[in-house]
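entry_9.cif follows (mmCIF, C-alpha atoms):
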```
data_target
loop_
_atom_site.label_atom_id
_atom_site.label_comp_id
_atom_site.auth_asym_id
_atom_site.auth_seq_id
_atom_site.Cartn_x
_atom_site.Cartn_y
_atom_site.Cartn_z
CA SER D 1 -6.68 9.30 24.40
CA GLY D 2 -8.62 11.57 21.97
CA THR D 3 -7.33 12.40 18.52
CA GLN D 4 -4.09 13.98 17.38
CA ALA D 5 -2.27 15.07 14.24
CA SER D 6 0.25 12.19 14.15
CA ALA D 7 0.38 8.69 15.65
CA THR D 8 3.17 9.65 18.06
CA PRO D 9 4.49 13.15 18.85
CA ASN D 10 7.95 12.42 17.40
CA ASP D 11 6.75 11.24 13.97
CA HIS D 12 8.42 13.31 11.25
CA ASN D 13 6.07 15.61 9.31
CA VAL D 14 7.15 15.40 5.65
CA GLN D 15 7.46 18.73 3.82
CA SER D 16 5.43 19.51 0.67
CA PRO D 17 2.98 16.57 0.80
CA GLY D 18 0.84 17.92 -2.05
CA GLY D 19 -2.31 19.91 -2.52
CA ASP D 20 -4.94 17.17 -2.30
CA GLY D 21 -5.48 13.72 -0.80
CA VAL D 22 -2.55 11.28 -0.77
CA SER D 23 -3.40 8.04 -2.61
CA SER D 24 -0.22 5.94 -2.27
CA LEU D 25 3.14 5.79 -0.51
CA THR D 26 5.95 3.59 -1.86
CA TRP D 27 9.54 3.12 -0.65
CA SER D 28 12.45 2.35 -2.92
CA PRO D 29 13.62 -1.26 -2.42
CA THR D 30 17.28 -0.18 -2.45
CA ALA D 31 17.49 3.08 -0.46
CA ASN D 32 15.43 5.38 1.74
CA PHE D 33 13.64 7.22 -1.04
CA LEU D 34 9.90 7.71 -0.50
CA VAL D 35 7.43 8.39 -3.33
CA SER D 36 3.82 9.53 -3.02
CA SER D 37 0.95 9.87 -5.46
CA ASN D 38 -1.68 12.52 -4.97
CA TRP D 39 -5.13 13.54 -6.14
CA ASP D 40 -3.63 16.87 -7.32
CA GLY D 41 -1.92 15.02 -10.19
CA GLY D 42 1.55 14.93 -8.66
CA VAL D 43 4.10 12.20 -8.03
CA ARG D 44 6.64 13.35 -5.44
CA CYS D 45 9.94 11.99 -4.16
CA TRP D 46 11.82 12.56 -0.89
CA GLU D 47 15.21 11.41 0.30
CA VAL D 48 14.76 10.22 3.88
CA GLN D 49 17.71 10.55 6.23
CA GLU D 50 17.90 8.84 9.60
CA GLN D 51 20.28 9.29 12.48
CA GLY D 52 19.59 7.18 15.52
CA ASN D 53 15.82 7.36 15.77
CA GLN D 54 15.65 10.85 14.25
CA VAL D 55 14.18 11.09 10.76
CA ARG D 56 14.22 13.85 8.16
CA ALA D 57 12.70 13.81 4.66
CA LEU D 58 14.15 16.15 2.03
CA PRO D 59 11.95 16.97 -1.01
CA LYS D 60 13.86 15.97 -4.15
CA ALA D 61 11.60 16.18 -7.21
CA GLN D 62 8.09 16.00 -8.62
CA VAL D 63 6.40 15.06 -11.89
CA ASN D 64 2.75 15.49 -12.89
CA HIS D 65 0.25 13.45 -14.84
CA ASP D 66 -1.50 15.15 -17.78
CA GLY D 67 -4.25 17.64 -16.97
CA GLN D 68 -3.61 17.42 -13.23
CA LYS D 69 -5.69 14.24 -13.24
CA PRO D 70 -5.42 12.34 -9.94
CA VAL D 71 -2.58 9.84 -9.57
CA LEU D 72 -3.80 6.71 -7.76
CA CYS D 73 -0.79 4.39 -7.50
CA THR D 74 3.01 4.11 -7.59
CA ALA D 75 5.63 1.35 -7.79
CA PHE D 76 9.44 1.12 -7.96
CA SER D 77 11.61 -0.97 -10.25
CA SER D 78 13.62 -3.52 -8.28
CA ASP D 79 16.86 -1.55 -8.77
CA GLY D 80 15.24 1.62 -7.38
CA SER D 81 16.02 3.63 -10.52
CA THR D 82 12.50 4.08 -11.89
CA VAL D 83 9.05 4.96 -10.56
CA PHE D 84 5.87 3.80 -12.29
CA SER D 85 2.51 5.49 -11.71
CA GLY D 86 -1.08 5.24 -12.87
CA GLY D 87 -4.15 7.38 -12.47
CA GLY D 88 -7.20 9.22 -13.69
CA ASP D 89 -5.68 10.07 -17.07
CA ASN D 90 -5.96 6.31 -17.86
CA ALA D 91 -2.18 6.18 -18.35
CA VAL D 92 0.69 4.21 -16.89
CA ARG D 93 3.77 6.42 -16.68
CA MET D 94 7.46 5.93 -16.02
CA TRP D 95 9.78 8.39 -14.24
CA ASN D 96 13.53 7.76 -14.23
CA LEU D 97 14.96 8.92 -10.89
CA ALA D 98 18.48 7.93 -11.89
CA SER D 99 18.89 11.02 -14.09
CA GLY D 100 19.99 13.14 -11.13
CA MET D 101 16.37 14.04 -10.27
CA SER D 102 16.55 16.76 -12.94
CA ASN D 103 14.38 14.81 -15.35
CA GLN D 104 11.00 16.03 -14.14
CA VAL D 105 9.13 14.39 -17.00
CA SER D 106 7.19 11.15 -16.90
CA THR D 107 6.90 9.01 -20.02
CA GLN D 108 3.69 7.20 -20.90
CA ILE D 109 4.30 3.45 -21.29
CA GLY D 110 0.74 2.10 -21.13
CA VAL D 111 -2.89 3.07 -21.44
CA HIS D 112 -6.23 1.75 -20.19
CA ASN D 113 -9.80 2.67 -21.15
CA ALA D 114 -10.50 3.85 -17.59
CA PRO D 115 -8.45 5.05 -14.61
CA VAL D 116 -5.48 2.92 -13.54
CA LYS D 117 -5.90 1.88 -9.90
CA SER D 118 -2.77 -0.21 -9.25
CA VAL D 119 0.71 -0.75 -10.68
CA ALA D 120 3.48 -3.13 -9.68
CA PHE D 121 6.88 -4.29 -10.91
CA LEU D 122 7.65 -7.95 -11.64
CA PRO D 123 11.27 -8.52 -10.51
CA SER D 124 11.56 -11.94 -12.19
CA SER D 125 10.86 -10.61 -15.69
CA ASN D 126 11.50 -6.83 -15.43
CA LEU D 127 7.94 -6.14 -16.57
CA ILE D 128 5.29 -3.79 -15.20
CA VAL D 129 1.71 -4.80 -14.44
CA SER D 130 -1.24 -2.42 -14.21
CA GLY D 131 -4.83 -2.98 -13.14
CA GLY D 132 -7.58 -0.62 -14.25
CA TRP D 133 -11.23 0.20 -13.71
CA ASP D 134 -11.73 -1.06 -17.27
CA ASN D 135 -11.62 -4.66 -15.90
CA VAL D 136 -8.28 -5.17 -17.65
CA PHE D 137 -4.89 -6.14 -16.39
CA GLU D 138 -1.93 -5.21 -18.61
CA VAL D 139 1.65 -6.47 -18.68
CA LEU D 140 3.99 -3.74 -19.94
CA GLY D 141 7.59 -3.74 -21.09
CA TRP D 142 10.10 -0.99 -20.41
CA PRO D 143 11.94 1.23 -21.01
CA ARG D 144 10.80 1.33 -24.65
CA GLN D 145 7.85 -0.77 -25.67
CA SER D 146 4.73 0.87 -27.05
CA ASN D 147 2.38 -2.13 -26.94
CA PRO D 148 1.44 -4.30 -23.95
CA VAL D 149 3.38 -7.57 -23.70
CA GLY D 150 0.15 -9.16 -22.51
CA GLN D 151 -3.39 -8.37 -21.47
CA LEU D 152 -5.77 -10.28 -19.22
CA ASP D 153 -9.45 -9.74 -18.55
CA LEU D 154 -10.40 -9.36 -14.90
CA PRO D 155 -13.80 -10.36 -13.44
CA GLY D 156 -14.34 -6.76 -12.29
CA LYS D 157 -12.66 -3.40 -11.71
CA CYS D 158 -9.21 -3.71 -10.17
CA TYR D 159 -9.31 -2.32 -6.62
CA ASP D 160 -5.78 -3.28 -5.58
CA LEU D 161 -2.88 -5.56 -6.52
CA ASP D 162 0.41 -6.53 -4.92
CA VAL D 163 3.54 -8.43 -5.99
CA ARG D 164 6.03 -10.31 -3.79
CA GLY D 165 8.71 -12.28 -5.59
CA ASN D 166 6.93 -14.68 -7.94
CA MET D 167 3.47 -14.11 -6.47
CA MET D 168 0.94 -11.50 -7.50
CA VAL D 169 -2.48 -11.07 -5.93
CA VAL D 170 -5.33 -8.96 -7.36
CA ALA D 171 -8.57 -7.86 -5.67
CA THR D 172 -11.44 -6.76 -7.92
CA ALA D 173 -15.05 -5.65 -7.72
CA GLY D 174 -17.50 -8.43 -6.97
CA ARG D 175 -15.22 -9.65 -4.14
CA HIS D 176 -13.05 -11.67 -6.53
CA ILE D 177 -9.44 -12.38 -5.59
CA LEU D 178 -6.94 -13.82 -8.06
CA ALA D 179 -3.43 -15.06 -7.34
CA TYR D 180 -0.89 -15.40 -10.17
CA ASP D 181 2.47 -17.05 -10.62
CA VAL D 182 4.64 -14.33 -12.18
CA SER D 183 7.90 -16.27 -12.36
CA GLN D 184 7.56 -16.21 -16.18
CA PRO D 185 6.83 -13.16 -18.40
CA ALA D 186 3.24 -14.37 -18.91
CA PRO D 187 1.40 -14.34 -15.53
CA ARG D 188 -0.27 -17.69 -14.85
CA GLU D 189 -3.48 -17.71 -12.84
CA ALA D 190 -2.94 -20.03 -9.86
CA VAL D 191 -5.94 -19.31 -7.62
CA ARG D 192 -9.29 -17.58 -8.18
CA LYS D 193 -11.57 -17.35 -5.20
CA GLU D 194 -14.22 -15.27 -3.53
CA SER D 195 -13.05 -12.98 -0.76
CA PRO D 196 -13.56 -14.49 2.70
CA LEU D 197 -15.02 -11.12 3.70
CA LYS D 198 -18.68 -10.30 3.00
CA PHE D 199 -18.12 -6.71 1.93
CA GLN D 200 -16.21 -4.90 -0.84
CA SER D 201 -12.43 -5.38 -0.90
CA ARG D 202 -10.40 -2.23 -0.35
CA CYS D 203 -6.81 -3.51 -0.20
CA VAL D 204 -4.80 -6.68 -0.69
CA SER D 205 -1.21 -7.51 0.24
CA ALA D 206 0.88 -10.64 -0.35
CA PHE D 207 2.76 -12.25 2.55
CA PRO D 208 6.53 -11.65 2.34
CA ASP D 209 7.05 -15.45 2.22
CA GLN D 210 4.54 -15.69 -0.68
CA THR D 211 2.43 -18.40 1.00
CA GLY D 212 -0.72 -16.28 0.95
CA PHE D 213 -2.22 -12.82 1.24
CA ALA D 214 -4.18 -10.47 3.48
CA VAL D 215 -7.30 -8.69 2.22
CA GLY D 216 -9.01 -5.74 3.91
CA SER D 217 -12.63 -4.69 3.41
CA ILE D 218 -14.71 -1.55 3.77
CA GLU D 219 -16.36 -3.18 6.79
CA GLY D 220 -13.48 -3.11 9.27
CA ARG D 221 -12.28 -6.65 8.73
CA VAL D 222 -9.11 -8.40 7.50
CA GLY D 223 -8.89 -11.88 6.00
CA ILE D 224 -5.65 -13.88 6.28
CA GLN D 225 -5.63 -16.42 3.45
CA TYR D 226 -3.08 -19.14 2.66
CA VAL D 227 -2.79 -20.27 -0.96
CA GLN D 228 -0.19 -22.87 -0.01
CA LYS D 229 -0.54 -25.38 2.79
CA VAL D 230 1.58 -24.27 5.73
CA GLN D 231 2.03 -26.62 8.67
CA GLY D 232 -0.06 -25.45 11.61
CA LYS D 233 -1.47 -22.42 9.79
CA ASP D 234 -5.09 -21.98 8.75
CA SER D 235 -6.86 -19.09 7.07
CA PHE D 236 -8.86 -16.81 9.37
CA ALA D 237 -10.44 -13.35 9.56
CA PHE D 238 -10.57 -10.74 12.29
CA LYS D 239 -12.34 -7.46 13.03
CA CYS D 240 -10.47 -4.17 13.32
CA HIS D 241 -10.95 -0.43 12.78
CA ARG D 242 -14.22 -0.29 14.67
CA GLN D 243 -15.29 2.19 17.35
CA ASP D 244 -18.39 1.27 19.34
CA SER D 245 -21.09 0.74 16.71
CA ASN D 246 -19.14 2.54 13.95
CA VAL D 247 -17.37 0.45 11.34
CA TYR D 248 -14.54 1.86 9.19
CA SER D 249 -12.75 0.83 6.03
CA VAL D 250 -9.37 -0.90 6.17
CA ASN D 251 -7.56 1.32 3.65
CA ALA D 252 -4.15 -0.38 3.49
CA ILE D 253 -2.28 -3.45 4.70
CA ALA D 254 1.50 -2.98 4.86
CA PHE D 255 3.75 -5.96 5.56
CA ASN D 256 7.14 -5.56 7.20
CA SER D 257 9.59 -7.55 5.04
CA VAL D 258 12.06 -8.08 7.88
CA TYR D 259 9.70 -9.50 10.51
CA GLY D 260 6.73 -10.73 8.44
CA THR D 261 4.35 -8.75 10.66
CA PHE D 262 2.05 -6.08 9.24
CA ALA D 263 0.23 -2.80 9.79
CA THR D 264 -3.35 -1.88 8.99
CA VAL D 265 -4.56 1.70 8.62
CA GLY D 266 -8.15 2.85 8.35
CA SER D 267 -10.72 5.57 7.86
CA ASP D 268 -10.90 5.81 11.66
CA GLY D 269 -7.45 7.42 11.64
CA ILE D 270 -5.90 4.50 13.50
CA ILE D 271 -2.70 2.49 12.89
CA ASN D 272 -2.41 -1.05 14.24
CA PHE D 273 0.59 -3.40 14.10
CA TRP D 274 -0.28 -7.13 13.92
CA ASP D 275 1.32 -10.58 14.10
CA LYS D 276 -0.75 -12.98 11.96
CA ASP D 277 1.19 -16.10 13.02
CA ASN D 278 0.35 -15.67 16.70
CA LYS D 279 -2.95 -13.84 16.06
CA GLN D 280 -1.90 -10.86 18.17
CA ARG D 281 -2.09 -7.11 17.96
CA LEU D 282 1.44 -5.92 18.64
CA LYS D 283 0.66 -2.21 19.01
CA GLY D 284 -2.25 0.17 18.65
CA PHE D 285 -1.75 3.91 18.21
CA ASN D 286 -4.04 6.74 19.23
CA ALA D 287 -6.44 7.95 16.55
CA LEU D 288 -5.45 10.74 14.18
CA THR D 289 -7.79 13.63 13.45
CA LYS D 290 -8.10 12.46 9.82
CA PRO D 291 -8.46 9.15 7.97
CA ILE D 292 -5.30 7.31 6.92
CA PRO D 293 -5.56 6.40 3.21
CA CYS D 294 -2.22 4.63 2.71
CA ALA D 295 0.94 3.45 4.45
CA SER D 296 4.17 1.54 3.80
CA PHE D 297 7.28 0.13 5.55
CA ASN D 298 10.73 0.78 4.11
CA ALA D 299 12.94 -2.13 2.99
CA ARG D 300 14.85 -2.25 6.28
CA GLY D 301 11.59 -2.37 8.21
CA ASN D 302 12.46 0.44 10.62
CA LEU D 303 10.56 3.34 9.02
CA PHE D 304 6.78 3.41 8.59
CA ALA D 305 5.32 6.10 6.31
CA TYR D 306 1.62 6.96 6.49
CA ALA D 307 -0.61 9.72 5.15
CA ALA D 308 -3.38 11.66 6.87
CA SER D 309 -5.95 13.11 4.48
CA TYR D 310 -9.63 12.89 3.67
CA ASP D 311 -10.46 9.60 1.94
CA TRP D 312 -13.98 10.49 0.73
CA SER D 313 -15.46 7.72 2.89
CA LYS D 314 -18.24 10.10 3.96
CA GLY D 315 -18.74 11.70 0.55
CA ALA D 316 -18.37 15.29 -0.66
CA THR D 317 -20.57 16.71 2.10
CA PHE D 318 -17.80 16.22 4.66
CA HIS D 319 -15.07 17.76 2.48
CA ASN D 320 -14.24 21.46 2.74
CA SER D 321 -11.51 22.29 0.23
CA SER D 322 -10.68 25.58 1.95
CA THR D 323 -9.82 23.92 5.27
CA ALA D 324 -8.74 20.44 4.16
CA THR D 325 -5.08 19.60 4.75
CA ASN D 326 -2.91 16.60 3.94
CA GLU D 327 0.05 15.28 5.84
CA ILE D 328 2.60 12.54 5.36
CA TYR D 329 4.39 11.27 8.46
CA ILE D 330 7.30 8.90 8.99
CA HIS D 331 7.31 6.87 12.19
CA TYR D 332 10.61 5.43 13.39
CA THR D 333 9.73 1.82 14.21
CA PRO D 334 11.97 0.11 16.79
CA GLU D 335 12.17 -3.68 16.75
CA GLU D 336 10.11 -4.02 19.95
CA GLU D 337 7.08 -2.43 18.26
CA ILE D 338 6.95 -4.62 15.16
CA LYS D 339 8.78 -7.90 15.93
CA ALA D 340 6.58 -10.89 16.80
CA LYS D 341 6.46 -11.49 20.52
CA GLY D 342 5.64 -15.21 20.33
CA LYS D 343 2.60 -17.02 21.65
CA LYS D 344 1.15 -16.04 24.97
CA THR D 345 1.46 -18.91 27.40
CA SER D 346 -0.95 -19.44 30.26
CA LYS D 347 0.81 -19.41 33.59
CA THR D 348 0.21 -22.40 35.82
CA ARG D 349 0.57 -22.35 39.56
#
```
What is this file in structure tokens?
Amino acid sequence: SGTQASATPNDHNVQSPGGDGVSSLTWSPTANFLVSSNWDGGVRCWEVQEQGNQVRALPKAQVNHDGQKPVLCTAFSSDGSTVFSGGGDNAVRMWNLASGMSNQVSTQIGVHNAPVKSVAFLPSSNLIVSGGWDNVFEVLGWPRQSNPVGQLDLPGKCYDLDVRGNMMVVATAGRHILAYDVSQPAPREAVRKESPLKFQSRCVSAFPDQTGFAVGSIEGRVGIQYVQKVQGKDSFAFKCHRQDSNVYSVNAIAFNSVYGTFATVGSDGIINFWDKDNKQRLKGFNALTKPIPCASFNARGNLFAYAASYDWSKGATFHNSSTATNEIYIHYTPEEEIKAKGKKTSKTR
């Protein structure tokens, strides 16, 4: 099998992916607009066109955070009009895409005392949440509100957070995981638990049906955790992103909203599609030549965006800025690749 530039030869190579590592990829919930954040300080937007199974991404616009500080996260408002971002300038910023893409200015709407690692939009209250490396979680109003609506202390640095409907889940340093009810403007802590995985959390993602979450660790393992009792379903963990004796980080977990299945991507440059309900791997792709730091399915569940760029998992020694490249690819995802296949039944003679 070996390694290759993209997961499959037909995956669309997105133009102008930025000058440094890609840190997040986020699709609009209302249309095929894709946004990326980048360590070069840029937030970029593409309009993605599809015809049959052919895909093309057209660069539309870009804004930058102050001082070219790295941007670490992005989120869309539920109407698709506005992008929120956070990063190394300690700021949460807002970018209105609805102004004909000509408004290439982002407005600061929040600030932390350390870099902002994750942002999300709360559809039930039209508020923004941000988690920082200052162990603080802020609830922000928009479009015009200078002070946080609320602020919560976290048990450690925020490593990742995700929102689905009225559920928000946050993974912090110290292997803490917190689940919140965000049906009201003030998030209410519902569950606080230790990660089921023994090593540092890298990513967390809520189930589309909001009954639980998946957490990925730096040690090639994913935990499937239910916060509500579901008939016939128990929490479990499984190993992935391992090659022989080498163990790689699970960098992102991306759920498909249509089918409830999910993808994991890792520092080994591999994409896997999984079905948690039947505990099956649906599809494994050949390894890329570079780590995959982030990935995301579009709202219709038929396009899967992923980045290929150095993720610093081996430190600065393995990074050569003169030869390093970054790519963003979009993989057309037919139903047969991502839809649950059902339980395997043993054949009897």
Name every residue that the PyMOL selection byres ((chain D and resi 152-166) around 8) selects in this structure, writing the answer as a PDB file with C-alpha atoms, keeping the file's coordinate frame with chains first and numbers rising.
```
ATOM      1  CA  LYS D 117      -5.900   1.880  -9.900  1.00  0.00           C
ATOM      2  CA  SER D 118      -2.770  -0.210  -9.250  1.00  0.00           C
ATOM      3  CA  VAL D 119       0.710  -0.750 -10.680  1.00  0.00           C
ATOM      4  CA  ALA D 120       3.480  -3.130  -9.680  1.00  0.00           C
ATOM      5  CA  PHE D 121       6.880  -4.290 -10.910  1.00  0.00           C
ATOM      6  CA  LEU D 122       7.650  -7.950 -11.640  1.00  0.00           C
ATOM      7  CA  PRO D 123      11.270  -8.520 -10.510  1.00  0.00           C
ATOM      8  CA  SER D 124      11.560 -11.940 -12.190  1.00  0.00           C
ATOM      9  CA  GLY D 131      -4.830  -2.980 -13.140  1.00  0.00           C
ATOM     10  CA  GLY D 132      -7.580  -0.620 -14.250  1.00  0.00           C
ATOM     11  CA  TRP D 133     -11.230   0.200 -13.710  1.00  0.00           C
ATOM     12  CA  ASP D 134     -11.730  -1.060 -17.270  1.00  0.00           C
ATOM     13  CA  ASN D 135     -11.620  -4.660 -15.900  1.00  0.00           C
ATOM     14  CA  VAL D 136      -8.280  -5.170 -17.650  1.00  0.00           C
ATOM     15  CA  PHE D 137      -4.890  -6.140 -16.390  1.00  0.00           C
ATOM     16  CA  GLU D 138      -1.930  -5.210 -18.610  1.00  0.00           C
ATOM     17  CA  GLY D 150       0.150  -9.160 -22.510  1.00  0.00           C
ATOM     18  CA  GLN D 151      -3.390  -8.370 -21.470  1.00  0.00           C
ATOM     19  CA  MET D 167       3.470 -14.110  -6.470  1.00  0.00           C
ATOM     20  CA  MET D 168       0.940 -11.500  -7.500  1.00  0.00           C
ATOM     21  CA  VAL D 169      -2.480 -11.070  -5.930  1.00  0.00           C
ATOM     22  CA  VAL D 170      -5.330  -8.960  -7.360  1.00  0.00           C
ATOM     23  CA  ALA D 171      -8.570  -7.860  -5.670  1.00  0.00           C
ATOM     24  CA  THR D 172     -11.440  -6.760  -7.920  1.00  0.00           C
ATOM     25  CA  ALA D 173     -15.050  -5.650  -7.720  1.00  0.00           C
ATOM     26  CA  GLY D 174     -17.500  -8.430  -6.970  1.00  0.00           C
ATOM     27  CA  HIS D 176     -13.050 -11.670  -6.530  1.00  0.00           C
ATOM     28  CA  ASP D 181       2.470 -17.050 -10.620  1.00  0.00           C
ATOM     29  CA  VAL D 182       4.640 -14.330 -12.180  1.00  0.00           C
ATOM     30  CA  SER D 183       7.900 -16.270 -12.360  1.00  0.00           C
ATOM     31  CA  SER D 201     -12.430  -5.380  -0.900  1.00  0.00           C
ATOM     32  CA  ARG D 202     -10.400  -2.230  -0.350  1.00  0.00           C
ATOM     33  CA  CYS D 203      -6.810  -3.510  -0.200  1.00  0.00           C
ATOM     34  CA  VAL D 204      -4.800  -6.680  -0.690  1.00  0.00           C
ATOM     35  CA  SER D 205      -1.210  -7.510   0.240  1.00  0.00           C
ATOM     36  CA  ALA D 206       0.880 -10.640  -0.350  1.00  0.00           C
ATOM     37  CA  PHE D 207       2.760 -12.250   2.550  1.00  0.00           C
ATOM     38  CA  PRO D 208       6.530 -11.650   2.340  1.00  0.00           C
ATOM     39  CA  ASP D 209       7.050 -15.450   2.220  1.00  0.00           C
ATOM     40  CA  GLN D 210       4.540 -15.690  -0.680  1.00  0.00           C
TER      41      GLN D 210
END
```
Residues near segment 254-264 of chain D, cut-off 6 Å, all atoms listed in the file, skip fewer than 3 positions along chain, as a short mmCIF file (atom, residue, chain, number, x, y, z; two decimals) with C-alpha atoms, in the coordinates of the input:
```cif
data_model
loop_
_atom_site.label_atom_id
_atom_site.label_comp_id
_atom_site.auth_asym_id
_atom_site.auth_seq_id
_atom_site.Cartn_x
_atom_site.Cartn_y
_atom_site.Cartn_z
CA PRO D 208 6.53 -11.65 2.34
CA ILE D 271 -2.70 2.49 12.89
CA ASN D 272 -2.41 -1.05 14.24
CA PHE D 273 0.59 -3.40 14.10
CA TRP D 274 -0.28 -7.13 13.92
CA ASP D 275 1.32 -10.58 14.10
CA SER D 296 4.17 1.54 3.80
CA PHE D 297 7.28 0.13 5.55
CA GLY D 301 11.59 -2.37 8.21
CA LYS D 339 8.78 -7.90 15.93
#
```
Interatomic distance, atom CA of Leu58 of chain D to atom CA of Leu288 of chain D (Å, one decimal): 23.7 Å
Closest to Leu97 of chain D among D:Leu34, D:Val14, D:Leu72, D:Ala299, using only C-alpha atoms? D:Leu34
Evaluate the PyMOL selection byres ((chain D and resi 226-236) around 9) and record the selected residues as JSON, numbers by chain, following the chain and residue labels used in the document. {"D": [179, 190, 191, 196, 210, 211, 212, 213, 214, 222, 223, 224, 225, 237, 238, 277]}
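Each of D:Gln68, D:Ser81, D:Thr26, D:Gln51 was compared to Asn298 of chain D using all atoms listed in the file, and D:Thr26 turns out to be the nearest.
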When the PyMOL selection byres ((chain D and resi 38-44) around 6) is applied to the structure above, which residues does it catch, written out as a VMD selection string? chain D and resid 19 to 23 35 to 37 45 61 to 65 68 to 71
Skipping near chain neighbours, those fewer than 2 positions away, what residues fall within 10 Å of Ser77 of chain D using only C-alpha atoms, listed as an MDAnalysis selection string? chainID D and resid 28:30 75 79:84 94 96 120:123 126:128
Could you work out an axis-aligned bounding box for all listed atoms of segment 28-38 of chain D, with 8 Å added on each of the six sides, and give its centre and edge lengths in Å to one decimal, as JSON?
```
{"center_x": 7.9, "center_y": 5.6, "center_z": -1.9, "size_x": 35.2, "size_y": 29.8, "size_z": 23.2}
```
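Picture a line from atom CA of Gln243 of chain D to atom CA of Pro17 of chain D; it runs 28.5 Å.
Excluding Pro293 of chain D and any residue on its chain fewer than 5 positions from it, the residues at most 8 Å away by all atoms listed in the file are Val22, Ser23, Ser24, Asn251, Ala252, Val265, Gly266, Ser267, Tyr306, Ala307, Ala308, Ser309, Tyr310 and Asp311 of chain D.
The spacing separating atom CA of Ala114 of chain D from atom CA of Asn90 of chain D amounts to 5.2 Å.
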Neighbours of Ser195 of chain D within 7 Å (all atoms listed in the file; same-chain residues fewer than 2 positions away dropped), as a list in words? Arg175, His176, Ile177, Lys193 and Leu197 of chain D
